[in-house]
$ cat structure_39.tsv   # TSV, C-alpha atoms
chain	number	residue	atom	x	y	z
A	1497	GLY	CA	3.13	-289.92	160.99
A	1498	ALA	CA	6.46	-291.66	160.58
A	1499	GLY	CA	6.18	-292.01	156.83
A	1500	VAL	CA	4.12	-291.09	153.81
A	1501	SER	CA	0.87	-293.03	153.83
A	1502	GLN	CA	-1.15	-293.75	150.69
A	1503	SER	CA	-4.56	-295.29	150.38
A	1504	PRO	CA	-5.89	-297.50	149.04
A	1505	SER	CA	-2.86	-299.69	148.34
A	1506	ASN	CA	-4.73	-301.34	145.47
A	1507	LYS	CA	-7.71	-300.17	143.47
A	1508	VAL	CA	-9.52	-301.97	140.68
A	1509	THR	CA	-12.09	-299.91	138.84
A	1510	GLU	CA	-14.19	-300.17	135.72
A	1511	LYS	CA	-13.42	-298.05	132.71
A	1512	GLY	CA	-15.31	-294.77	132.87
A	1513	LYS	CA	-15.55	-294.62	136.66
A	1514	ASP	CA	-13.97	-291.90	138.77
A	1515	VAL	CA	-11.33	-292.74	141.39
A	1516	GLU	CA	-9.76	-290.86	144.29
A	1517	LEU	CA	-6.32	-291.63	145.63
A	1518	ARG	CA	-5.21	-290.28	148.98
A	1519	CYS	CA	-1.82	-289.24	150.30
A	1520	ASP	CA	-0.94	-288.38	153.91
A	1521	PRO	CA	2.49	-286.72	153.88
A	1522	ILE	CA	4.98	-286.62	156.72
A	1523	SER	CA	3.97	-284.05	159.30
A	1524	GLY	CA	5.76	-280.76	158.74
A	1525	HIS	CA	6.69	-281.45	155.14
A	1526	THR	CA	5.65	-278.48	153.06
A	1527	ALA	CA	6.18	-280.02	149.64
A	1528	LEU	CA	4.08	-282.85	148.20
A	1529	TYR	CA	4.49	-284.59	144.87
A	1530	TRP	CA	2.49	-287.06	142.81
A	1531	TYR	CA	4.16	-289.38	140.33
A	1532	ARG	CA	2.87	-292.15	138.10
A	1533	GLN	CA	4.81	-295.30	137.29
A	1534	SER	CA	3.68	-297.73	134.64
A	1535	LEU	CA	4.87	-301.32	134.76
A	1536	GLY	CA	8.62	-301.51	134.22
A	1537	GLN	CA	8.89	-297.79	133.53
A	1538	GLY	CA	10.41	-294.80	135.29
A	1539	LEU	CA	8.56	-292.20	137.32
A	1540	GLU	CA	6.38	-289.69	135.49
A	1541	PHE	CA	5.88	-286.38	137.30
A	1542	LEU	CA	2.24	-285.36	137.67
A	1543	ILE	CA	1.83	-282.46	140.10
A	1544	TYR	CA	3.72	-280.64	142.84
A	1545	PHE	CA	2.42	-278.66	145.83
A	1546	GLN	CA	4.66	-276.32	147.81
A	1547	GLY	CA	3.17	-274.69	150.89
A	1548	ASN	CA	0.41	-272.25	150.00
A	1549	SER	CA	1.71	-271.58	146.51
A	1550	ALA	CA	-0.25	-272.47	143.40
A	1551	PRO	CA	0.51	-276.08	142.48
A	1552	ASP	CA	2.68	-276.98	139.50
A	1553	LYS	CA	0.28	-279.01	137.37
A	1554	SER	CA	2.50	-279.23	134.33
A	1555	GLY	CA	2.75	-283.03	134.46
A	1556	LEU	CA	-0.96	-283.86	134.51
A	1557	PRO	CA	-1.60	-285.88	131.32
A	1558	SER	CA	-5.15	-284.68	130.67
A	1559	ASP	CA	-7.97	-282.66	132.17
A	1560	ARG	CA	-9.39	-285.89	133.61
A	1561	PHE	CA	-6.65	-285.65	136.24
A	1562	SER	CA	-6.85	-283.21	139.13
A	1563	ALA	CA	-5.40	-282.94	142.61
A	1564	GLU	CA	-5.92	-280.88	145.68
A	1565	ARG	CA	-4.20	-280.48	148.97
A	1566	THR	CA	-6.31	-279.45	151.93
A	1567	GLY	CA	-4.87	-277.48	154.82
A	1568	GLY	CA	-1.36	-277.94	153.51
A	1569	SER	CA	-1.43	-281.60	154.49
A	1570	VAL	CA	-3.50	-284.41	152.97
A	1571	SER	CA	-3.70	-284.58	149.20
A	1572	THR	CA	-6.20	-286.28	146.92
A	1573	LEU	CA	-5.53	-287.19	143.29
A	1574	THR	CA	-8.74	-287.62	141.31
A	1575	ILE	CA	-8.99	-289.34	137.95
A	1576	GLN	CA	-12.31	-288.90	136.18
A	1577	ARG	CA	-13.70	-291.25	133.55
A	1578	THR	CA	-10.80	-293.66	133.96
A	1579	GLN	CA	-9.25	-295.30	130.92
A	1580	GLN	CA	-7.21	-298.48	130.68
A	1581	GLU	CA	-4.06	-296.47	130.00
A	1582	ASP	CA	-4.47	-294.91	133.46
A	1583	SER	CA	-3.51	-298.26	134.98
A	1584	ALA	CA	-0.27	-297.69	136.89
A	1585	VAL	CA	1.18	-297.23	140.35
A	1586	TYR	CA	0.56	-293.73	141.66
A	1587	LEU	CA	3.28	-292.62	144.05
A	1588	CYS	CA	3.15	-289.74	146.47
A	1589	ALA	CA	6.20	-288.14	148.09
A	1590	SER	CA	6.76	-285.32	150.53
A	1591	SER	CA	9.78	-283.30	151.51
A	1592	ARG	CA	10.92	-280.48	153.73
A	1593	ASP	CA	12.00	-277.29	152.07
A	1594	ARG	CA	15.36	-278.88	151.27
A	1595	GLY	CA	15.27	-280.14	147.73
A	1596	ALA	CA	15.88	-283.74	146.75
A	1597	TYR	CA	17.49	-284.81	150.03
A	1598	GLY	CA	14.25	-284.90	151.99
A	1599	TYR	CA	12.19	-286.77	149.40
A	1600	THR	CA	10.22	-289.57	151.14
A	1601	PHE	CA	7.92	-291.76	149.09
A	1602	GLY	CA	4.86	-293.70	150.04
A	1603	SER	CA	4.36	-297.28	148.86
A	1604	GLY	CA	1.95	-296.17	146.19
A	1605	THR	CA	-1.53	-297.05	145.00
A	1606	ARG	CA	-1.73	-299.67	142.28
A	1607	LEU	CA	-4.61	-298.69	140.01
A	1608	THR	CA	-6.04	-301.21	137.58
A	1609	VAL	CA	-8.71	-300.11	135.13
A	1610	VAL	CA	-10.63	-302.99	133.64
B	1017	LEU	CA	16.42	-278.84	135.25
B	1018	ALA	CA	19.55	-280.82	134.42
B	1019	LYS	CA	18.94	-283.92	132.32
B	1020	THR	CA	20.60	-287.15	133.38
B	1021	THR	CA	21.73	-290.15	131.37
B	1022	GLN	CA	22.47	-293.53	132.92
B	1023	PRO	CA	22.67	-297.11	131.63
B	1024	ILE	CA	19.35	-298.86	131.25
B	1025	SER	CA	20.55	-302.04	132.94
B	1026	MET	CA	23.56	-303.69	134.55
B	1027	ASP	CA	24.33	-307.20	135.76
B	1028	SER	CA	26.78	-308.31	138.42
B	1029	TYR	CA	27.46	-311.08	140.93
B	1030	GLU	CA	27.30	-311.29	144.68
B	1031	GLY	CA	30.38	-309.96	146.41
B	1032	GLN	CA	31.42	-307.73	143.53
B	1033	GLU	CA	31.70	-303.95	143.57
B	1034	VAL	CA	29.21	-302.26	141.26
B	1035	ASN	CA	29.70	-298.80	139.81
B	1036	ILE	CA	26.82	-297.01	138.09
B	1037	THR	CA	27.72	-293.81	136.24
B	1038	CYS	CA	25.34	-290.96	135.51
B	1039	SER	CA	25.99	-288.14	133.06
B	1040	HIS	CA	24.63	-284.65	133.74
B	1041	ASN	CA	26.43	-282.29	131.39
B	1042	ASN	CA	24.30	-279.20	132.10
B	1043	ILE	CA	24.39	-279.37	135.88
B	1044	ALA	CA	23.94	-275.97	137.51
B	1045	THR	CA	26.05	-274.42	140.25
B	1046	ASN	CA	23.41	-274.91	142.93
B	1047	ASP	CA	22.46	-278.46	141.90
B	1048	TYR	CA	23.09	-281.46	144.10
B	1049	ILE	CA	23.37	-285.04	142.87
B	1050	THR	CA	21.12	-287.55	144.59
B	1051	TRP	CA	20.68	-291.28	144.09
B	1052	TYR	CA	17.56	-293.27	144.91
B	1053	GLN	CA	16.93	-297.01	145.03
B	1054	GLN	CA	13.62	-298.62	144.17
B	1055	PHE	CA	12.57	-302.19	144.90
B	1056	PRO	CA	9.53	-303.76	143.21
B	1057	SER	CA	6.22	-302.63	144.67
B	1058	GLN	CA	7.86	-299.88	146.72
B	1059	GLY	CA	8.49	-296.18	146.31
B	1060	PRO	CA	12.06	-294.97	145.70
B	1061	ARG	CA	14.30	-294.66	148.74
B	1062	PHE	CA	17.08	-292.10	149.26
B	1063	ILE	CA	20.59	-293.61	149.14
B	1064	ILE	CA	23.14	-290.83	149.00
B	1065	GLN	CA	23.61	-287.22	148.01
B	1066	GLY	CA	26.67	-285.15	147.15
B	1067	TYR	CA	27.84	-281.88	145.65
B	1068	LYS	CA	31.48	-282.56	144.77
B	1069	THR	CA	34.38	-284.95	145.43
B	1070	LYS	CA	33.43	-288.04	147.39
B	1071	VAL	CA	30.67	-288.90	149.82
B	1072	THR	CA	30.42	-292.19	151.70
B	1073	ASN	CA	27.77	-293.61	153.97
B	1074	GLU	CA	26.95	-297.06	155.31
B	1075	VAL	CA	25.29	-298.06	152.05
B	1076	ALA	CA	27.29	-296.57	149.19
B	1077	SER	CA	29.88	-294.11	147.97
B	1078	LEU	CA	29.35	-291.31	145.51
B	1079	PHE	CA	32.21	-290.04	143.39
B	1080	ILE	CA	31.90	-286.67	141.67
B	1081	PRO	CA	34.72	-285.30	139.49
B	1082	ALA	CA	35.78	-281.68	139.60
B	1083	ASP	CA	33.69	-280.66	136.57
B	1084	ARG	CA	30.59	-282.31	138.12
B	1085	LYS	CA	29.33	-283.36	134.70
B	1086	SER	CA	29.04	-286.96	135.85
B	1087	SER	CA	28.82	-288.98	139.02
B	1088	THR	CA	29.39	-292.60	139.96
B	1089	LEU	CA	27.43	-294.54	142.54
B	1090	SER	CA	29.57	-297.31	144.01
B	1091	LEU	CA	28.02	-300.25	145.82
B	1092	PRO	CA	30.63	-302.35	147.63
B	1093	ARG	CA	30.27	-306.13	147.81
B	1094	VAL	CA	26.74	-306.34	146.46
B	1095	SER	CA	24.28	-309.00	147.52
B	1096	LEU	CA	21.11	-310.36	145.94
B	1097	SER	CA	19.12	-307.82	147.93
B	1098	ASP	CA	20.77	-304.98	146.01
B	1099	THR	CA	18.79	-305.98	142.92
B	1100	ALA	CA	16.74	-302.86	142.26
B	1101	VAL	CA	16.37	-299.83	140.00
B	1102	TYR	CA	18.74	-296.97	140.78
B	1103	TYR	CA	17.86	-293.40	139.85
B	1104	CYS	CA	20.26	-290.49	139.52
B	1105	LEU	CA	18.75	-287.05	140.14
B	1106	VAL	CA	20.19	-283.59	139.73
B	1107	ALA	CA	18.29	-280.76	141.36
B	1108	PRO	CA	18.73	-277.73	143.61
B	1109	GLY	CA	19.41	-278.79	147.15
B	1110	TYR	CA	19.04	-277.04	150.50
B	1111	SER	CA	16.79	-274.45	148.97
B	1112	SER	CA	13.13	-274.28	148.17
B	1113	ALA	CA	11.96	-277.77	147.29
B	1114	SER	CA	11.27	-277.90	143.60
B	1115	LYS	CA	9.79	-280.21	141.07
B	1116	ILE	CA	12.07	-283.20	140.66
B	1117	ILE	CA	12.18	-285.10	137.40
B	1118	PHE	CA	13.25	-288.74	137.53
B	1119	GLY	CA	14.97	-290.39	134.59
B	1120	SER	CA	14.41	-294.00	133.59
B	1121	GLY	CA	16.95	-295.35	136.07
B	1122	THR	CA	19.37	-298.27	135.90
B	1123	ARG	CA	17.99	-301.72	136.51
B	1124	LEU	CA	20.67	-303.61	138.47
B	1125	SER	CA	20.46	-307.40	138.61
B	1126	ILE	CA	22.67	-309.32	141.02
B	1127	ARG	CA	23.25	-313.02	140.45
B	1128	PRO	CA	24.49	-315.66	142.92
$ encode --input "structure_39.tsv" --output "structure tokens"
Amino acid sequence: GAGVSQSPSNKVTEKGKDVELRCDPISGHTALYWYRQSLGQGLEFLIYFQGNSAPDKSGLPSDRFSAERTGGSVSTLTIQRTQQEDSAVYLCASSRDRGAYGYTFGSGTRLTVV
Amino acid sequence: LAKTTQPISMDSYEGQEVNITCSHNNIATNDYITWYQQFPSQGPRFIIQGYKTKVTNEVASLFIPADRKSSTLSLPRVSLSDTAVYYCLVAPGYSSASKIIFGSGTRLSIRP
């Protein structure tokens, strides 16, 4: 597609439920990133996929968070047993193998845990 | 990964030139400097990237001194629509894409 697509755009869930957030990167982009942004805060790195390499999971805040990328394209971020502190905007970005220049972000998924 | 330091917030008025400076004292030889702009409810958007000296595009200019330990994003004749958060990033460019760490950014407010 023309841009990075994320779905849903908004998600309200009850505390303790599991949620799945989806990211469709730009076609041909080998790198995919997930970030989290709390209200009024900067971007917090979560996880990074590069081609067929093992993902860099160093930013995942707890074992309730996991992500996968199927076929080197679509990625799903899963949060199990959601907590109120998980409420944030989850941003996905993709890039070509060119470093920061080719970083294109989606509009994000706003997650609210009630 | 080089750490960056930039002002938390800045205010200016329409029609003025705004300069936002970012410090990156431990920048590496193969690092590029990239600036992103983020509006509310949107993901960050690429503005400009440079390695040294000066880069200019239709949106902004980027000034990088010889030691590359800092950089200045210059926005000419700002308007209300330039109100946004601006992030300075330092990371390897034109090589294998790598994990990029964003700082807290500079919140720019433009007044009439």
$ closest_residue --input "structure_39.tsv" --among "B:Thr1020, B:Ser1090, B:Ser1097, B:Ser1120" --to "chain A" --atoms "all atoms listed in the file"
B:Ser1120
$ closest_residue --input "structure_39.tsv" --among "B:Gln1053, B:Asn1035, B:Asn1042, B:Ser1087" --to "B:Lys1068" --atoms "only C-alpha atoms"
B:Ser1087
$ closest_residue --input "structure_39.tsv" --among "A:Thr1578, A:Ser1583, A:Ser1562, A:Ser1591" --to "A:Arg1606" --atoms "all atoms listed in the file"
A:Ser1583
$ interface_residues --input "structure_39.tsv" --of "chain A" --to "chain B" --cutoff "12 Å" --atoms "all atoms listed in the file" --output "VMD selection string"
chain A and resid 1499 to 1502 1505 to 1506 1525 to 1547 1549 1551 to 1555 1584 to 1606
$ closest_residue --input "structure_39.tsv" --among "B:Ile1126, B:Ile1043, B:Ile1024, B:Ile1036" --to "B:Ala1100" --atoms "all atoms listed in the file"
B:Ile1126
$ decode --input "structure_39.tsv" --residues "stretch 1091-1105 of chain B" --atoms "all heavy atoms" --output "tab-separated table (two decimals), in the first residue's frame"
chain	number	residue	atom	x	y	z
B	1091	LEU	N	13.22	26.54	10.94
B	1091	LEU	CA	11.93	26.63	10.25
B	1091	LEU	C	11.69	28.09	9.89
B	1091	LEU	O	11.54	28.93	10.78
B	1091	LEU	CB	10.81	26.12	11.16
B	1091	LEU	CG	10.96	24.72	11.71
B	1091	LEU	CD1	9.87	24.41	12.73
B	1091	LEU	CD2	10.91	23.69	10.58
B	1092	PRO	N	11.68	28.42	8.61
B	1092	PRO	CA	11.52	29.82	8.22
B	1092	PRO	C	10.06	30.26	8.26
B	1092	PRO	O	9.17	29.51	7.86
B	1092	PRO	CB	12.04	29.83	6.78
B	1092	PRO	CG	11.75	28.45	6.28
B	1092	PRO	CD	11.87	27.53	7.47
B	1093	ARG	N	9.80	31.44	8.76
B	1093	ARG	CA	8.47	32.03	8.70
B	1093	ARG	C	7.39	31.03	9.11
B	1093	ARG	O	6.54	30.62	8.31
B	1093	ARG	CB	8.18	32.57	7.30
B	1093	ARG	CG	9.13	33.66	6.86
B	1093	ARG	CD	8.83	34.14	5.45
B	1093	ARG	NE	8.95	33.08	4.46
B	1093	ARG	CZ	10.09	32.65	3.96
B	1093	ARG	NH1	11.23	33.19	4.37
B	1093	ARG	NH2	10.11	31.68	3.06
B	1094	VAL	N	7.42	30.66	10.37
B	1094	VAL	CA	6.48	29.64	10.86
B	1094	VAL	C	5.04	30.14	10.82
B	1094	VAL	O	4.77	31.34	10.88
B	1094	VAL	CB	6.85	29.17	12.28
B	1094	VAL	CG1	8.18	28.44	12.28
B	1094	VAL	CG2	6.84	30.34	13.25
B	1095	SER	N	4.14	29.19	10.74
B	1095	SER	CA	2.71	29.48	10.81
B	1095	SER	C	2.11	28.63	11.94
B	1095	SER	O	2.78	27.80	12.54
B	1095	SER	CB	2.03	29.13	9.48
B	1095	SER	OG	2.12	27.74	9.24
B	1096	LEU	N	0.83	28.87	12.22
B	1096	LEU	CA	0.16	28.13	13.29
B	1096	LEU	C	0.24	26.62	13.05
B	1096	LEU	O	0.31	25.83	14.00
B	1096	LEU	CB	-1.30	28.57	13.40
B	1096	LEU	CG	-1.54	30.02	13.82
B	1096	LEU	CD1	-3.03	30.33	13.79
B	1096	LEU	CD2	-0.97	30.29	15.20
B	1097	SER	N	0.25	26.22	11.79
B	1097	SER	CA	0.26	24.80	11.46
B	1097	SER	C	1.60	24.13	11.75
B	1097	SER	O	1.72	22.91	11.63
B	1097	SER	CB	-0.09	24.60	9.98
B	1097	SER	OG	0.88	25.22	9.17
B	1098	ASP	N	2.60	24.90	12.11
B	1098	ASP	CA	3.89	24.32	12.49
B	1098	ASP	C	3.93	23.91	13.96
B	1098	ASP	O	4.93	23.37	14.43
B	1098	ASP	CB	5.02	25.31	12.21
B	1098	ASP	CG	5.24	25.54	10.73
B	1098	ASP	OD1	5.25	24.54	9.97
B	1098	ASP	OD2	5.38	26.71	10.32
B	1099	THR	N	2.85	24.20	14.68
B	1099	THR	CA	2.75	23.75	16.07
B	1099	THR	C	2.75	22.22	16.10
B	1099	THR	O	1.87	21.58	15.53
B	1099	THR	CB	1.46	24.29	16.72
B	1099	THR	OG1	1.56	25.71	16.81
B	1099	THR	CG2	1.27	23.70	18.12
B	1100	ALA	N	3.77	21.66	16.74
B	1100	ALA	CA	3.95	20.21	16.72
B	1100	ALA	C	5.10	19.86	17.66
B	1100	ALA	O	5.73	20.75	18.26
B	1100	ALA	CB	4.28	19.72	15.31
B	1101	VAL	N	5.37	18.58	17.79
B	1101	VAL	CA	6.55	18.12	18.52
B	1101	VAL	C	7.61	17.74	17.49
B	1101	VAL	O	7.31	17.06	16.51
B	1101	VAL	CB	6.23	16.92	19.42
B	1101	VAL	CG1	7.49	16.43	20.13
B	1101	VAL	CG2	5.16	17.29	20.45
B	1102	TYR	N	8.83	18.19	17.72
B	1102	TYR	CA	9.93	17.94	16.79
B	1102	TYR	C	10.97	17.05	17.47
B	1102	TYR	O	11.45	17.37	18.56
B	1102	TYR	CB	10.55	19.26	16.34
B	1102	TYR	CG	9.60	20.06	15.48
B	1102	TYR	CD1	8.60	20.83	16.07
B	1102	TYR	CD2	9.67	20.00	14.10
B	1102	TYR	CE1	7.70	21.55	15.29
B	1102	TYR	CE2	8.77	20.71	13.31
B	1102	TYR	CZ	7.79	21.47	13.92
B	1102	TYR	OH	6.90	22.17	13.14
B	1103	TYR	N	11.31	15.96	16.81
B	1103	TYR	CA	12.25	14.99	17.36
B	1103	TYR	C	13.55	15.02	16.54
B	1103	TYR	O	13.53	14.99	15.32
B	1103	TYR	CB	11.68	13.57	17.29
B	1103	TYR	CG	10.47	13.33	18.15
B	1103	TYR	CD1	9.19	13.45	17.63
B	1103	TYR	CD2	10.62	12.98	19.49
B	1103	TYR	CE1	8.07	13.21	18.42
B	1103	TYR	CE2	9.50	12.74	20.28
B	1103	TYR	CZ	8.24	12.87	19.73
B	1103	TYR	OH	7.13	12.64	20.52
B	1104	CYS	N	14.66	15.00	17.27
B	1104	CYS	CA	15.98	14.89	16.67
B	1104	CYS	C	16.47	13.46	16.88
B	1104	CYS	O	16.45	12.97	18.01
B	1104	CYS	CB	16.90	15.89	17.35
B	1104	CYS	SG	18.67	15.62	17.10
B	1105	LEU	N	16.89	12.81	15.82
B	1105	LEU	CA	17.40	11.44	15.91
B	1105	LEU	C	18.80	11.36	15.34
B	1105	LEU	O	19.11	12.01	14.35
B	1105	LEU	CB	16.53	10.48	15.10
B	1105	LEU	CG	15.34	9.84	15.77
B	1105	LEU	CD1	14.28	10.88	16.04
B	1105	LEU	CD2	14.77	8.76	14.89
